[in-house]
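Colleague: Sharing input.cif below, mmCIF, C-alpha atoms and all ligand atoms:
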```
data_data
loop_
_atom_site.label_atom_id
_atom_site.label_comp_id
_atom_site.auth_asym_id
_atom_site.auth_seq_id
_atom_site.Cartn_x
_atom_site.Cartn_y
_atom_site.Cartn_z
CA MET A 21 0.00 0.00 0.00
CA ARG A 22 0.97 3.60 -0.52
CA ASN A 23 -0.02 5.69 2.48
CA LEU A 24 0.74 9.38 2.11
CA ILE A 25 0.33 12.22 4.55
CA LEU A 26 -0.28 15.52 2.79
CA PHE A 27 0.89 18.01 5.34
CA GLY A 28 0.94 21.78 5.61
CA PRO A 29 -0.64 24.81 7.25
CA PRO A 30 -4.24 25.94 6.60
CA GLY A 31 -4.46 27.18 3.02
CA ALA A 32 -1.33 25.34 1.85
CA GLY A 33 -3.29 23.54 -0.89
CA LYS A 34 -3.69 20.08 0.61
CA GLY A 35 -7.28 19.61 -0.59
CA THR A 36 -6.57 20.95 -4.08
CA GLN A 37 -3.56 18.70 -4.59
CA SER A 38 -5.23 15.64 -3.03
CA ALA A 39 -8.01 15.82 -5.60
CA PHE A 40 -5.49 15.19 -8.38
CA LEU A 41 -3.25 12.71 -6.56
CA VAL A 42 -6.05 10.33 -5.53
CA GLY A 43 -7.03 9.81 -9.15
CA HIS A 44 -3.49 9.49 -10.42
CA TYR A 45 -2.33 7.00 -7.78
CA ASN A 46 -5.72 5.32 -7.16
CA LEU A 47 -5.79 6.23 -3.48
CA VAL A 48 -8.59 6.95 -1.02
CA HIS A 49 -8.66 10.57 0.15
CA LEU A 50 -9.40 11.03 3.84
CA SER A 51 -9.71 14.69 4.83
CA THR A 52 -10.67 15.06 8.48
CA GLY A 53 -11.83 18.64 7.79
CA ASP A 54 -14.14 17.42 4.98
CA ILE A 55 -15.50 14.62 7.18
CA PHE A 56 -16.22 17.06 10.00
CA ARG A 57 -17.93 19.46 7.57
CA ALA A 58 -20.09 16.60 6.20
CA ASN A 59 -21.13 15.82 9.78
CA ILE A 60 -21.95 19.48 10.43
CA LYS A 61 -24.10 19.53 7.29
CA GLY A 62 -25.82 16.31 8.34
CA GLU A 63 -26.38 17.78 11.82
CA THR A 64 -24.93 14.73 13.57
CA GLU A 65 -23.76 14.78 17.19
CA LEU A 66 -20.16 14.60 15.95
CA GLY A 67 -20.87 17.57 13.67
CA LYS A 68 -22.25 19.65 16.54
CA LEU A 69 -19.22 18.89 18.66
CA ALA A 70 -16.74 19.55 15.83
CA LYS A 71 -18.40 22.83 14.88
CA SER A 72 -17.92 24.28 18.35
CA TYR A 73 -14.14 23.89 17.93
CA MET A 74 -13.82 24.62 14.21
CA ASP A 75 -15.66 27.95 14.47
CA GLN A 76 -13.04 29.07 16.99
CA GLY A 77 -10.10 27.89 14.89
CA GLN A 78 -9.30 25.24 17.50
CA LEU A 79 -8.60 21.57 17.00
CA VAL A 80 -11.31 19.00 17.59
CA PRO A 81 -10.18 16.82 20.55
CA ASP A 82 -7.76 14.01 19.71
CA ASP A 83 -9.87 11.09 21.00
CA VAL A 84 -12.86 12.03 18.82
CA THR A 85 -10.70 12.74 15.76
CA ILE A 86 -8.61 9.57 16.05
CA GLN A 87 -11.65 7.35 16.48
CA MET A 88 -13.36 8.92 13.47
CA LEU A 89 -10.27 8.55 11.26
CA GLU A 90 -9.76 4.91 12.21
CA SER A 91 -13.35 4.02 11.44
CA GLU A 92 -13.03 5.74 8.02
CA VAL A 93 -9.88 3.71 7.23
CA ASP A 94 -11.72 0.53 8.20
CA LYS A 95 -14.48 1.35 5.69
CA HIS A 96 -11.96 0.97 2.85
CA SER A 97 -10.42 -2.45 3.37
CA GLN A 98 -9.79 -2.87 -0.37
CA ALA A 99 -7.94 0.44 -0.82
CA ALA A 100 -4.58 0.53 -2.63
CA GLY A 101 -3.58 3.23 -0.16
CA PHE A 102 -4.63 6.49 1.44
CA ILE A 103 -3.94 10.19 1.33
CA PHE A 104 -4.33 11.56 4.81
CA ASP A 105 -5.19 15.26 4.49
CA GLY A 106 -5.41 17.30 7.68
CA PHE A 107 -4.45 14.32 9.80
CA PRO A 108 -2.34 13.81 11.91
CA ARG A 109 -2.45 17.34 13.35
CA THR A 110 -0.96 16.60 16.77
CA THR A 111 1.85 14.31 17.91
CA ALA A 112 -0.76 12.20 19.74
CA GLN A 113 -2.62 11.70 16.45
CA ALA A 114 0.64 10.75 14.72
CA GLY A 115 1.41 8.14 17.38
CA ALA A 116 -2.12 6.74 17.13
CA LEU A 117 -1.93 6.57 13.33
CA ASP A 118 1.42 4.79 13.39
CA SER A 119 0.25 2.11 15.81
CA PHE A 120 -3.10 1.74 14.06
CA LEU A 121 -1.36 1.11 10.71
CA GLU A 122 1.24 -1.12 12.32
CA GLY A 123 -1.56 -3.29 13.70
CA ARG A 124 -2.64 -3.84 10.09
CA GLY A 125 0.87 -4.57 8.83
CA GLU A 126 0.98 -1.14 7.18
CA THR A 127 3.01 2.02 7.52
CA ILE A 128 3.20 5.61 6.32
CA SER A 129 5.16 5.73 3.05
CA SER A 130 5.96 9.42 3.22
CA MET A 131 4.89 12.81 4.53
CA LEU A 132 4.65 15.41 1.77
CA ALA A 133 4.82 18.82 3.37
CA LEU A 134 3.64 21.84 1.39
CA GLU A 135 5.71 24.83 2.44
CA VAL A 136 4.00 28.21 2.07
CA PRO A 137 4.87 31.52 3.80
CA GLU A 138 2.31 32.83 6.33
CA LYS A 139 1.57 36.02 4.42
CA GLU A 140 0.56 33.98 1.37
CA LEU A 141 -1.59 31.67 3.53
CA ARG A 142 -3.57 34.58 4.96
CA SER A 143 -4.36 35.99 1.53
CA ARG A 144 -5.30 32.56 0.10
CA LEU A 145 -7.71 31.88 2.99
CA MET A 146 -9.34 35.30 2.70
CA ALA A 147 -9.80 34.70 -1.03
CA ARG A 148 -11.19 31.20 -0.41
CA ALA A 149 -13.81 32.62 1.98
CA ALA A 150 -15.57 34.19 -1.00
CA THR A 151 -16.32 30.77 -2.54
CA SER A 152 -15.95 28.15 0.22
CA GLY A 153 -18.76 29.38 2.44
CA ARG A 154 -16.51 28.36 5.34
CA THR A 155 -17.03 30.55 8.38
CA ASP A 156 -13.51 29.72 9.56
CA ASP A 157 -12.11 31.35 6.39
CA ALA A 158 -14.16 34.56 6.70
CA ASP A 159 -12.83 35.92 10.00
CA PRO A 160 -9.20 37.16 10.16
CA ASN A 161 -9.07 36.36 13.90
CA VAL A 162 -10.07 32.75 13.29
CA ILE A 163 -7.53 32.48 10.45
CA GLN A 164 -4.79 33.77 12.76
CA LYS A 165 -5.86 31.33 15.47
CA ARG A 166 -5.64 28.41 13.00
CA ILE A 167 -2.16 29.49 11.93
CA ASP A 168 -1.08 29.83 15.59
CA VAL A 169 -2.50 26.39 16.45
CA TYR A 170 -0.69 24.97 13.42
CA ASN A 171 2.64 26.44 14.55
CA ALA A 172 2.21 25.32 18.17
CA GLU A 173 0.60 21.89 17.82
CA THR A 174 0.80 20.67 14.23
CA ALA A 175 4.23 21.76 12.97
CA PRO A 176 5.96 19.47 15.54
CA VAL A 177 4.31 16.47 13.85
CA SER A 178 6.77 16.93 10.98
CA ASP A 179 9.69 16.20 13.35
CA HIS A 180 8.15 12.82 14.06
CA TYR A 181 8.27 11.84 10.38
CA ARG A 182 11.59 13.60 9.80
CA ALA A 183 13.12 11.36 12.46
CA ALA A 184 11.69 8.35 10.60
CA GLY A 185 13.26 9.58 7.32
CA LYS A 186 9.82 10.04 5.75
CA TYR A 187 9.59 13.82 5.48
CA LYS A 188 9.65 15.44 2.05
CA GLY A 189 9.37 19.22 1.91
CA ILE A 190 7.68 20.60 -1.22
CA ASP A 191 7.67 24.24 -2.30
CA GLY A 192 3.94 25.08 -2.16
CA VAL A 193 4.17 28.40 -4.01
CA GLY A 194 3.53 28.48 -7.75
CA SER A 195 0.82 27.28 -10.13
CA ILE A 196 -1.38 24.35 -9.07
CA GLU A 197 0.09 22.28 -11.94
CA ASP A 198 3.69 23.05 -10.99
CA ILE A 199 3.07 22.02 -7.41
CA THR A 200 1.40 18.80 -8.58
CA LEU A 201 4.51 18.00 -10.63
CA ARG A 202 6.74 18.62 -7.61
CA LEU A 203 4.58 16.27 -5.52
CA MET A 204 4.64 13.55 -8.19
CA ALA A 205 8.42 13.82 -8.44
CA ALA A 206 8.62 13.29 -4.68
CA ILE A 207 6.12 10.39 -4.65
CA GLY A 208 7.60 8.52 -7.59
CA ASP A 209 5.80 6.05 -9.87
P1 LIG B 301 -7.50 23.88 6.78
O1 LIG B 301 -6.33 23.00 6.42
O2 LIG B 301 -7.76 24.93 5.76
O3 LIG B 301 -7.44 24.44 8.18
P2 LIG B 301 -9.29 21.61 7.25
O4 LIG B 301 -10.50 21.36 6.49
O5 LIG B 301 -8.18 20.62 7.18
O6 LIG B 301 -8.82 23.04 6.75
O7 LIG B 301 -9.64 21.79 8.82
C1 LIG B 301 -10.66 22.65 9.26
C2 LIG B 301 -10.82 22.53 10.78
O8 LIG B 301 -11.26 21.20 11.10
C3 LIG B 301 -9.57 22.73 11.63
O9 LIG B 301 -9.32 24.10 11.89
C4 LIG B 301 -9.95 21.94 12.90
O10 LIG B 301 -10.83 22.68 13.72
C5 LIG B 301 -10.72 20.76 12.35
N1 LIG B 301 -9.83 19.60 12.09
C6 LIG B 301 -9.51 19.08 10.86
N2 LIG B 301 -8.67 18.05 10.99
C7 LIG B 301 -8.42 17.91 12.32
C8 LIG B 301 -7.60 17.04 13.11
N3 LIG B 301 -6.84 16.09 12.53
N4 LIG B 301 -7.59 17.20 14.45
C9 LIG B 301 -8.33 18.12 15.04
N5 LIG B 301 -9.12 18.99 14.38
C10 LIG B 301 -9.16 18.89 13.03
#
```
Give the structure from the file, written as structure tokens.
Modeller:
Amino acid sequence: MRNLILFGPPGAGKGTQSAFLVGHYNLVHLSTGDIFRANIKGETELGKLAKSYMDQGQLVPDDVTIQMLESEVDKHSQAAGFIFDGFPRTTAQAGALDSFLEGRGETISSMLALEVPEKELRSRLMARAATSGRTDDADPNVIQKRIDVYNAETAPVSDHYRAAGKYKGIDGVGSIEDITLRLMAAIGD
């Protein structure tokens, strides 16, 4: 199996790039943000809980997020591999993912980290607010909170995969197509 983590701060382009990569490599795309938003739309209990954190730019608690992710992986027993987008976002989530995969005789193949300067992120998220309908994109304070949470809690996750020799930094500035080509060069055939 090919199990990729597409990593990067809010607005780095993880969702955009995943959409292409899943088709090209025949992978299942698991975006925790998308799954939470589907639950919010469906007005589930999980959605209500997630919304209270997402609207503040905070992370949904680890136990809830990990359990949800694991049950999504289990729904795709025939998958050739996964793209994890927006997960793991804390070192606890990374540890849980590693042991969960290990229990299935699997592992993370690589972490592809889209590197984008903060100033660019802020302007991309503000622009996305116009079309995404996402309340967490519309408020500059919530955007700043998400970037701060990323720096404090999520950025350290990269050290975990760096230490395992699985980290691949990708320049996330440029055209969508150019960035896709950089990712494909890093992933290989
Ligand atoms: P972005 O990368 O633009 O922030 P996402 O759709 O990945 O967008 O995430 C939106 C929000 O969903 C996050 O700010 C957070 O509140 C919640 N979320 C997504 N993934 C996770 C996760 N792995 N752990 C905790 N919260 C998460």
Colleague: Neighbours of Asn161 (chain A) within 12 Å (all atoms listed in the file; same-chain residues fewer than 4 positions away dropped), as a list in words?
Modeller: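 Near Asn161 (chain A), the qualifying residues are Asp75, Gln76, Gly77, Gln78, Arg142, Leu145, Met146, Thr155, Asp156, Asp157, Lys165, Arg166, Ile167 and Asp168 of chain A.
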Colleague: May I have the residues at most 10 Å from (-11.4, 22.5, 13.1) in the file's coordinates, counting only C-alpha atoms, as a PDB file with C-alpha atoms, keeping the file's coordinate frame?
Modeller:
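Output (point-v8.pdb):
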```pdb
ATOM      1  CA  THR A  52     -10.670  15.060   8.480  1.00  0.00           C
ATOM      2  CA  GLY A  53     -11.830  18.640   7.790  1.00  0.00           C
ATOM      3  CA  ASP A  54     -14.140  17.420   4.980  1.00  0.00           C
ATOM      4  CA  PHE A  56     -16.220  17.060  10.000  1.00  0.00           C
ATOM      5  CA  ARG A  57     -17.930  19.460   7.570  1.00  0.00           C
ATOM      6  CA  ALA A  70     -16.740  19.550  15.830  1.00  0.00           C
ATOM      7  CA  LYS A  71     -18.400  22.830  14.880  1.00  0.00           C
ATOM      8  CA  SER A  72     -17.920  24.280  18.350  1.00  0.00           C
ATOM      9  CA  TYR A  73     -14.140  23.890  17.930  1.00  0.00           C
ATOM     10  CA  MET A  74     -13.820  24.620  14.210  1.00  0.00           C
ATOM     11  CA  ASP A  75     -15.660  27.950  14.470  1.00  0.00           C
ATOM     12  CA  GLN A  76     -13.040  29.070  16.990  1.00  0.00           C
ATOM     13  CA  GLY A  77     -10.100  27.890  14.890  1.00  0.00           C
ATOM     14  CA  GLN A  78      -9.300  25.240  17.500  1.00  0.00           C
ATOM     15  CA  LEU A  79      -8.600  21.570  17.000  1.00  0.00           C
ATOM     16  CA  VAL A  80     -11.310  19.000  17.590  1.00  0.00           C
ATOM     17  CA  PRO A  81     -10.180  16.820  20.550  1.00  0.00           C
ATOM     18  CA  GLY A 106      -5.410  17.300   7.680  1.00  0.00           C
ATOM     19  CA  ASP A 156     -13.510  29.720   9.560  1.00  0.00           C
ATOM     20  CA  ARG A 166      -5.640  28.410  13.000  1.00  0.00           C
TER      21      ARG A 166
END
```
Colleague: Quick one: pull the distance between CA of Gly28 (chain A) and CA of Thr174 (chain A), Å, one decimal.
Modeller: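 Distance reported for this atom pair: 8.7 Å.
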Colleague: Could you give me, as a Markdown table, every region 31-90 of chain A residue with an atom at most 12 Å from region 115-131 of chain A, plus its closest atom pair and distance in Å to one decimal, counting all atoms listed in the file, rows ordered by chain then number?
Modeller:
```
| residue | atom | partner | partner_atom | distance |
| --- | --- | --- | --- | --- |
| A:Lys34 | CA | A:Met131 | CA | 11.9 |
| A:Asp82 | CA | A:Ala116 | CA | 9.6 |
| A:Asp83 | CA | A:Ala116 | CA | 9.7 |
| A:Thr85 | CA | A:Ala116 | CA | 10.6 |
| A:Ile86 | CA | A:Ala116 | CA | 7.2 |
| A:Gln87 | CA | A:Ala116 | CA | 9.6 |
| A:Met88 | CA | A:Leu117 | CA | 11.7 |
| A:Leu89 | CA | A:Leu117 | CA | 8.8 |
| A:Glu90 | CA | A:Phe120 | CA | 7.6 |
```
Colleague: Output C-alpha atoms for every residue in that selection, as a PDB file, in the frame of the given file.
Modeller:
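Everything below was put into result-v3.pdb:
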```pdb
ATOM      1  CA  LYS A  34      -3.690  20.080   0.610  1.00  0.00           C
ATOM      2  CA  ASP A  82      -7.760  14.010  19.710  1.00  0.00           C
ATOM      3  CA  ASP A  83      -9.870  11.090  21.000  1.00  0.00           C
ATOM      4  CA  THR A  85     -10.700  12.740  15.760  1.00  0.00           C
ATOM      5  CA  ILE A  86      -8.610   9.570  16.050  1.00  0.00           C
ATOM      6  CA  GLN A  87     -11.650   7.350  16.480  1.00  0.00           C
ATOM      7  CA  MET A  88     -13.360   8.920  13.470  1.00  0.00           C
ATOM      8  CA  LEU A  89     -10.270   8.550  11.260  1.00  0.00           C
ATOM      9  CA  GLU A  90      -9.760   4.910  12.210  1.00  0.00           C
TER      10      GLU A  90
END
```
Colleague: Quote the spacing between CA of Lys95 (chain A) and CA of Glu173 (chain A) in Å to one decimal place.
Modeller: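 If I compute the distance from CA of Lys95 (chain A) to CA of Glu173 (chain A), I get 28.2 Å.
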Colleague: Skip region 98-102 of chain A itself and residues of its chain fewer than 6 positions away, then list as a count of residues only all residues within 8 Å of it, counting all atoms listed in the file.
Modeller: 9
Colleague: Using all atoms listed in the file, which of A:Gln113, A:Thr64, A:Ser91, A:Gln37 sits nearest ligand LIG 301 (chain B)?
Modeller: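 Among the listed residues, the smallest separation from ligand LIG 301 (chain B) belongs to A:Gln113.
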Colleague: Nearest to ligand LIG 301 (chain B) among A:Ala175, A:Ala32, A:Ala158, A:Ile60, with distances taken over all atoms listed in the file: which residue is it?
Modeller: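 So, comparing all the options, the nearest one is A:Ala32.
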Colleague: State, in Å with one decimal place, the distance from CA of Tyr45 (chain A) to atom O9 of ligand LIG 301 (chain B).
Modeller: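 Atom-to-atom, CA of Tyr45 (chain A) and atom O9 of ligand LIG 301 (chain B) are spaced 27.0 Å apart.
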Colleague: Can you pull out every residue within 10 Å of region 181-198 of chain A, counting all atoms listed in the file, but drop anything in the same chain fewer than 4 positions away, and send it as a ChimeraX atom specification?
Modeller: /A:24-28,32-34,36-37,40,114,128-137,140,176-177,202-207
Colleague: Emit as JSON the padded axis-aligned box for all listed atoms of ligand LIG 301 (chain B), 3 Å per side, with centre and edge lengths in Å to one decimal.
Modeller:
```
{"center_x": -8.8, "center_y": 20.5, "center_z": 10.4, "size_x": 10.9, "size_y": 14.8, "size_z": 15.3}
```
Colleague: Restricting the calculation to all atoms listed in the file, which member of A:Gln164, A:Thr111, A:Ser51, A:Asn59 is positioned closest to ligand LIG 301 (chain B)?
Modeller: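 Ranked by minimum distance to ligand LIG 301 (chain B), first place goes to A:Ser51.
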Colleague: Between A:Val42, A:Ile103, A:Val93, A:Val169, which one has atoms that come closest to ligand LIG 301 (chain B), using only C-alpha atoms and all ligand atoms?
Modeller: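 Among A:Val42, A:Ile103, A:Val93, A:Val169, it is A:Val169 that comes nearest to ligand LIG 301 (chain B).
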Colleague: Go through A:Glu63, A:Glu92, A:Leu69, A:Pro29 and flag the residue nearest Lys139 (chain A), using all atoms listed in the file for the distances.
Modeller: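 Closest candidate: A:Pro29.
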Colleague: Under the rule that only C-alpha atoms and all ligand atoms are counted, which of A:Ser97, A:Thr110, A:Thr200, A:Thr151 is the nearest residue to ligand LIG 301 (chain B)?
Modeller: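 Ranking A:Ser97, A:Thr110, A:Thr200, A:Thr151 by distance to ligand LIG 301 (chain B), first place goes to A:Thr110.
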